[in-house]
file my_file38.csv (CSV, C-alpha atoms)
chain,number,residue,atom,x,y,z
A,1282,GLN,CA,0.0,0.0,0.0
A,1283,GLN,CA,1.5,3.3,-1.1
A,1284,GLN,CA,1.5,6.1,1.5
A,1285,GLN,CA,0.2,9.5,0.6
A,1286,PRO,CA,2.7,12.3,0.9
A,1287,GLN,CA,2.4,14.2,4.2
A,1288,GLN,CA,1.6,17.9,3.5
A,1289,GLY,CA,4.7,19.9,4.2
A,1290,VAL,CA,6.9,16.9,4.8
A,1291,ASP,CA,7.0,14.7,1.7
A,1292,ASP,CA,5.4,17.1,-0.7
A,1293,PRO,CA,7.9,17.7,-3.5
A,1294,LYS,CA,6.0,20.9,-4.7
A,1295,ARG,CA,6.7,22.6,-1.4
A,1296,GLN,CA,9.6,25.0,-1.6
A,1297,PRO,CA,12.7,24.5,0.7
A,1298,GLN,CA,13.6,27.1,3.3
A,1299,TRP,CA,16.8,28.2,1.8
A,1300,SER,CA,18.1,30.0,-1.3
A,1301,THR,CA,18.2,27.9,-4.4
A,1302,VAL,CA,20.2,30.4,-6.4
A,1303,PRO,CA,22.5,28.4,-8.7
A,1304,LEU,CA,26.1,28.8,-7.5
A,1305,ALA,CA,29.1,27.4,-9.4
A,1306,ASP,CA,32.2,26.5,-7.6
A,1307,ASN,CA,34.3,29.6,-6.8
A,1308,GLU,CA,31.9,31.9,-8.6
A,1309,HIS,CA,32.5,34.4,-5.8
A,1310,GLY,CA,36.1,33.3,-5.2
A,1311,PHE,CA,35.3,30.9,-2.5
A,1312,ARG,CA,33.0,28.0,-1.6
A,1313,ARG,CA,30.2,28.4,1.0
A,1314,TRP,CA,29.0,26.0,3.7
A,1315,VAL,CA,26.2,26.1,6.1
A,1316,VAL,CA,25.3,24.5,9.5
A,1317,LEU,CA,21.8,23.0,9.7
A,1318,GLY,CA,20.1,21.6,12.8
A,1319,SER,CA,20.9,21.9,16.4
A,1320,TRP,CA,24.5,21.5,17.4
A,1321,LEU,CA,26.5,22.3,20.5
A,1322,PRO,CA,29.4,24.6,19.7
A,1323,ARG,CA,32.0,22.0,20.8
A,1324,GLN,CA,30.5,19.5,18.3
A,1325,LEU,CA,31.4,21.7,15.4
A,1326,VAL,CA,35.0,22.6,16.3
A,1327,VAL,CA,36.6,20.0,14.0
A,1328,VAL,CA,34.1,20.4,11.3
A,1329,ARG,CA,34.7,24.2,11.2
A,1330,GLU,CA,38.4,23.7,11.2
A,1331,VAL,CA,38.2,21.2,8.2
A,1332,PHE,CA,36.0,23.6,6.2
A,1333,ARG,CA,38.4,26.5,7.0
A,1334,LYS,CA,41.4,24.5,5.8
A,1335,LEU,CA,39.5,23.7,2.6
A,1336,ARG,CA,38.9,27.4,2.1
A,1337,PHE,CA,35.1,27.3,2.6
A,1338,VAL,CA,33.3,30.2,4.2
A,1339,GLU,CA,30.5,29.6,6.7
A,1340,THR,CA,27.2,31.2,5.8
A,1341,THR,CA,23.5,30.8,6.7
A,1342,LYS,CA,20.8,28.6,5.0
A,1343,ASP,CA,19.0,31.7,3.7
A,1344,ASP,CA,22.1,33.5,2.3
A,1345,PRO,CA,21.1,34.9,-1.1
A,1346,LEU,CA,24.4,33.8,-2.5
A,1347,GLY,CA,23.5,30.2,-1.7
A,1348,TRP,CA,25.8,27.4,-0.3
A,1349,HIS,CA,27.7,24.4,-1.6
A,1350,VAL,CA,27.8,22.1,1.5
A,1351,ALA,CA,25.3,21.8,4.4
A,1352,TRP,CA,26.6,20.1,7.5
A,1353,GLY,CA,23.6,19.1,9.6
A,1354,THR,CA,22.0,16.7,12.0
A,1355,GLY,CA,20.1,13.7,10.4
A,1356,GLY,CA,16.7,15.4,10.6
A,1357,ALA,CA,17.9,18.9,9.5
A,1358,LEU,CA,16.4,18.4,6.0
A,1359,LYS,CA,12.9,17.2,5.4
A,1360,LYS,CA,12.3,14.6,2.7
A,1361,PHE,CA,10.9,17.1,0.3
A,1362,GLN,CA,13.9,19.4,0.7
A,1363,TYR,CA,16.3,16.8,-0.8
A,1364,ALA,CA,14.4,17.1,-4.1
A,1365,HIS,CA,15.3,20.8,-4.2
A,1366,LEU,CA,19.0,20.5,-3.7
A,1367,GLN,CA,21.0,21.9,-6.7
A,1368,LYS,CA,23.6,19.9,-8.5
A,1369,HIS,CA,26.4,21.7,-6.7
A,1370,GLN,CA,24.8,21.3,-3.2
A,1371,LYS,CA,25.8,18.5,-0.9
A,1372,PHE,CA,24.4,17.4,2.5
A,1373,ASN,CA,26.2,15.1,4.9
A,1374,HIS,CA,23.2,12.7,5.4
A,1375,PHE,CA,21.0,10.5,3.3
A,1376,PRO,CA,17.3,11.0,3.7
A,1377,CYS,CA,15.9,9.4,6.9
A,1378,THR,CA,19.2,7.9,8.1
A,1379,HIS,CA,18.8,9.7,11.4
A,1380,GLU,CA,16.6,6.8,12.4
A,1381,ILE,CA,19.8,4.6,12.4
A,1382,GLY,CA,21.9,6.9,14.5
A,1383,ASP,CA,19.2,7.8,17.0
A,1384,LYS,CA,19.1,4.8,19.2
A,1385,ASP,CA,15.5,5.5,20.4
A,1386,ASP,CA,14.2,5.6,16.8
A,1387,LEU,CA,16.3,2.6,15.8
A,1388,TYR,CA,14.9,0.6,18.7
A,1389,LEU,CA,11.3,1.6,17.9
A,1390,ASN,CA,11.8,0.6,14.2
A,1391,LEU,CA,13.3,-2.7,15.2
A,1392,GLU,CA,10.3,-3.4,17.5
A,1393,ARG,CA,7.9,-2.5,14.8
A,1394,ALA,CA,9.7,-4.9,12.4
A,1395,ARG,CA,9.7,-7.7,15.1
A,1396,GLU,CA,6.0,-7.2,15.8
A,1397,ALA,CA,5.2,-7.3,12.0
A,1398,THR,CA,7.3,-10.4,11.3
A,1399,GLY,CA,6.6,-12.4,14.4
A,1400,PRO,CA,9.1,-14.6,16.3
A,1401,GLU,CA,10.5,-16.2,13.1
A,1402,GLY,CA,11.2,-12.9,11.5
A,1403,GLY,CA,14.8,-12.6,12.6
A,1404,PHE,CA,14.4,-9.5,14.7
A,1405,ASP,CA,15.6,-11.0,18.0
A,1406,PHE,CA,19.3,-9.9,17.8
A,1407,TYR,CA,19.2,-6.7,19.9
A,1408,PRO,CA,19.0,-6.4,23.7
A,1409,LYS,CA,15.9,-5.5,25.7
A,1410,THR,CA,15.7,-1.8,25.6
A,1411,TYR,CA,13.9,0.7,28.0
A,1412,LEU,CA,13.2,4.1,26.7
A,1413,LEU,CA,13.1,6.6,29.6
A,1414,PRO,CA,11.1,8.2,31.2
A,1415,ALA,CA,8.2,6.1,29.9
A,1416,GLY,CA,9.9,2.7,30.5
A,1417,ARG,CA,11.4,3.6,33.9
A,1418,GLN,CA,9.2,1.3,36.0
A,1419,LYS,CA,9.8,-1.7,33.6
A,1420,LEU,CA,13.6,-1.0,33.9
A,1421,LEU,CA,13.5,-0.8,37.7
A,1422,ARG,CA,11.6,-4.2,37.8
A,1423,ALA,CA,14.1,-5.8,35.4
A,1424,MET,CA,17.0,-4.5,37.6
A,1425,GLU,CA,15.4,-5.8,40.8
A,1426,SER,CA,14.6,-9.2,39.3
A,1427,SER,CA,18.2,-9.6,37.8
A,1428,PRO,CA,20.6,-7.9,40.3
A,1429,ASP,CA,23.6,-9.5,38.6
A,1430,LYS,CA,22.8,-8.1,35.1
A,1431,MET,CA,24.6,-5.1,33.7
A,1432,PHE,CA,22.6,-2.3,32.1
A,1433,ILE,CA,23.9,0.3,29.6
A,1434,VAL,CA,22.6,3.8,29.9
A,1435,LYS,CA,22.9,6.1,26.9
A,1436,PRO,CA,21.7,9.6,27.0
A,1437,LYS,CA,19.4,10.7,24.1
A,1438,TYR,CA,21.3,12.7,21.5
A,1439,ALA,CA,24.7,12.0,23.0
A,1440,ALA,CA,27.5,11.0,20.7
A,1441,ARG,CA,31.0,9.5,20.8
A,1442,GLY,CA,30.3,7.7,24.1
A,1443,GLU,CA,29.6,10.9,26.0
A,1444,GLY,CA,27.4,10.2,29.1
A,1445,VAL,CA,27.3,6.4,28.6
A,1446,ARG,CA,27.3,4.5,31.9
A,1447,MET,CA,27.1,0.9,33.1
A,1448,LEU,CA,24.7,0.1,35.9
A,1449,GLN,CA,24.2,-3.0,38.0
call {"tool": "encode", "arguments": {"input": "my_file38.csv", "output": "structure tokens"}}
result
Amino acid sequence: QQQQPQQGVDDPKRQPQWSTVPLADNEHGFRRWVVLGSWLPRQLVVVREVFRKLRFVETTKDDPLGWHVAWGTGGALKKFQYAHLQKHQKFNHFPCTHEIGDKDDLYLNLERAREATGPEGGFDFYPKTYLLPAGRQKLLRAMESSPDKMFIVKPKYAARGEGVRMLQ
């Protein structure tokens, strides 16, 4: 069954929220890059340094001169916006891949697949997962019933192992 496009999300007729002015490499003597999505300043230190060394100039998404590269979080561009990228514009994510990197979404997708395919579907390879705060009581019961088990806690939206803890 084919899904209908969601208005404003998958609608290819909807215009993106950035300038689509064609911009050839070095037309203005330099290349331009833009940050999309929500980032902590420390998360962009290396990215900014690399773009600086490559002689890119940081700009904004609505810069009338346009941009060549967008560096963003997985959900920074909506599906319909990918269709409006110009040939010279690149984005550091494929559509919808944030659902792989976001452990909450990955778990929910795996659960949906497991429920859809049943016990023989092959979706029994990942550990029992508790999404907090909604799953807090289930987690506490599991910890009480298995005091020798180790539990891994990973903060939402953390990366590179930041904030990961082991609990017993």
call {"tool": "closest_residue", "arguments": {"input": "my_file38.csv", "among": "A:Gln1449, A:Thr1410, A:Asn1373, A:Asn1390", "to": "A:Val1328", "atoms": "all atoms listed in the file"}}
result
A:Asn1373
call {"tool": "residues_around", "arguments": {"input": "my_file38.csv", "residues": "A:Trp1348", "least_positions_apart": "5", "cutoff": "7 Å", "atoms": "all atoms listed in the file", "output": "PyMOL selection string"}}
result
chain A and resi 1313-1315+1370
call {"tool": "closest_residue", "arguments": {"input": "my_file38.csv", "among": "A:Thr1354, A:Arg1333, A:Lys1368, A:Leu1346", "to": "A:Glu1380", "atoms": "all atoms listed in the file"}}
result
A:Thr1354
call {"tool": "closest_residue", "arguments": {"input": "my_file38.csv", "among": "A:Pro1345, A:His1379, A:Gln1367, A:Leu1448", "to": "A:Leu1420", "atoms": "all atoms listed in the file"}}
result
A:Leu1448
call {"tool": "closest_residue", "arguments": {"input": "my_file38.csv", "among": "A:Gly1318, A:Lys1334, A:Thr1340, A:Gln1324", "to": "A:His1374", "atoms": "only C-alpha atoms"}}
result
A:Gly1318
call {"tool": "closest_residue", "arguments": {"input": "my_file38.csv", "among": "A:Val1434, A:Val1331, A:Phe1372, A:Phe1404", "to": "A:Arg1417", "atoms": "all atoms listed in the file"}}
result
A:Val1434
call {"tool": "decode", "arguments": {"input": "my_file38.csv", "residues": "stretch 1375-1410 of chain A", "atoms": "C-alpha atoms", "output": "PDB file, in the first residue's frame"}}
result
ATOM      1  CA  PHE A1375      21.025  10.523   3.254  1.00  0.00           C
ATOM      2  CA  PRO A1376      17.254  10.986   3.718  1.00  0.00           C
ATOM      3  CA  CYS A1377      15.866   9.382   6.903  1.00  0.00           C
ATOM      4  CA  THR A1378      19.173   7.895   8.063  1.00  0.00           C
ATOM      5  CA  HIS A1379      18.842   9.706  11.389  1.00  0.00           C
ATOM      6  CA  GLU A1380      16.646   6.756  12.354  1.00  0.00           C
ATOM      7  CA  ILE A1381      19.763   4.568  12.356  1.00  0.00           C
ATOM      8  CA  GLY A1382      21.916   6.867  14.475  1.00  0.00           C
ATOM      9  CA  ASP A1383      19.201   7.823  16.960  1.00  0.00           C
ATOM     10  CA  LYS A1384      19.088   4.773  19.239  1.00  0.00           C
ATOM     11  CA  ASP A1385      15.518   5.497  20.384  1.00  0.00           C
ATOM     12  CA  ASP A1386      14.203   5.573  16.804  1.00  0.00           C
ATOM     13  CA  LEU A1387      16.325   2.563  15.841  1.00  0.00           C
ATOM     14  CA  TYR A1388      14.866   0.554  18.722  1.00  0.00           C
ATOM     15  CA  LEU A1389      11.284   1.591  17.885  1.00  0.00           C
ATOM     16  CA  ASN A1390      11.800   0.624  14.227  1.00  0.00           C
ATOM     17  CA  LEU A1391      13.287  -2.747  15.212  1.00  0.00           C
ATOM     18  CA  GLU A1392      10.340  -3.357  17.547  1.00  0.00           C
ATOM     19  CA  ARG A1393       7.866  -2.544  14.770  1.00  0.00           C
ATOM     20  CA  ALA A1394       9.686  -4.923  12.420  1.00  0.00           C
ATOM     21  CA  ARG A1395       9.739  -7.662  15.092  1.00  0.00           C
ATOM     22  CA  GLU A1396       6.020  -7.239  15.757  1.00  0.00           C
ATOM     23  CA  ALA A1397       5.234  -7.259  12.018  1.00  0.00           C
ATOM     24  CA  THR A1398       7.283 -10.395  11.255  1.00  0.00           C
ATOM     25  CA  GLY A1399       6.645 -12.389  14.428  1.00  0.00           C
ATOM     26  CA  PRO A1400       9.079 -14.632  16.338  1.00  0.00           C
ATOM     27  CA  GLU A1401      10.461 -16.212  13.146  1.00  0.00           C
ATOM     28  CA  GLY A1402      11.204 -12.857  11.492  1.00  0.00           C
ATOM     29  CA  GLY A1403      14.818 -12.625  12.640  1.00  0.00           C
ATOM     30  CA  PHE A1404      14.448  -9.477  14.734  1.00  0.00           C
ATOM     31  CA  ASP A1405      15.638 -10.991  18.004  1.00  0.00           C
ATOM     32  CA  PHE A1406      19.285  -9.902  17.793  1.00  0.00           C
ATOM     33  CA  TYR A1407      19.167  -6.723  19.895  1.00  0.00           C
ATOM     34  CA  PRO A1408      19.017  -6.410  23.680  1.00  0.00           C
ATOM     35  CA  LYS A1409      15.920  -5.544  25.676  1.00  0.00           C
ATOM     36  CA  THR A1410      15.693  -1.772  25.646  1.00  0.00           C
TER      37      THR A1410
END
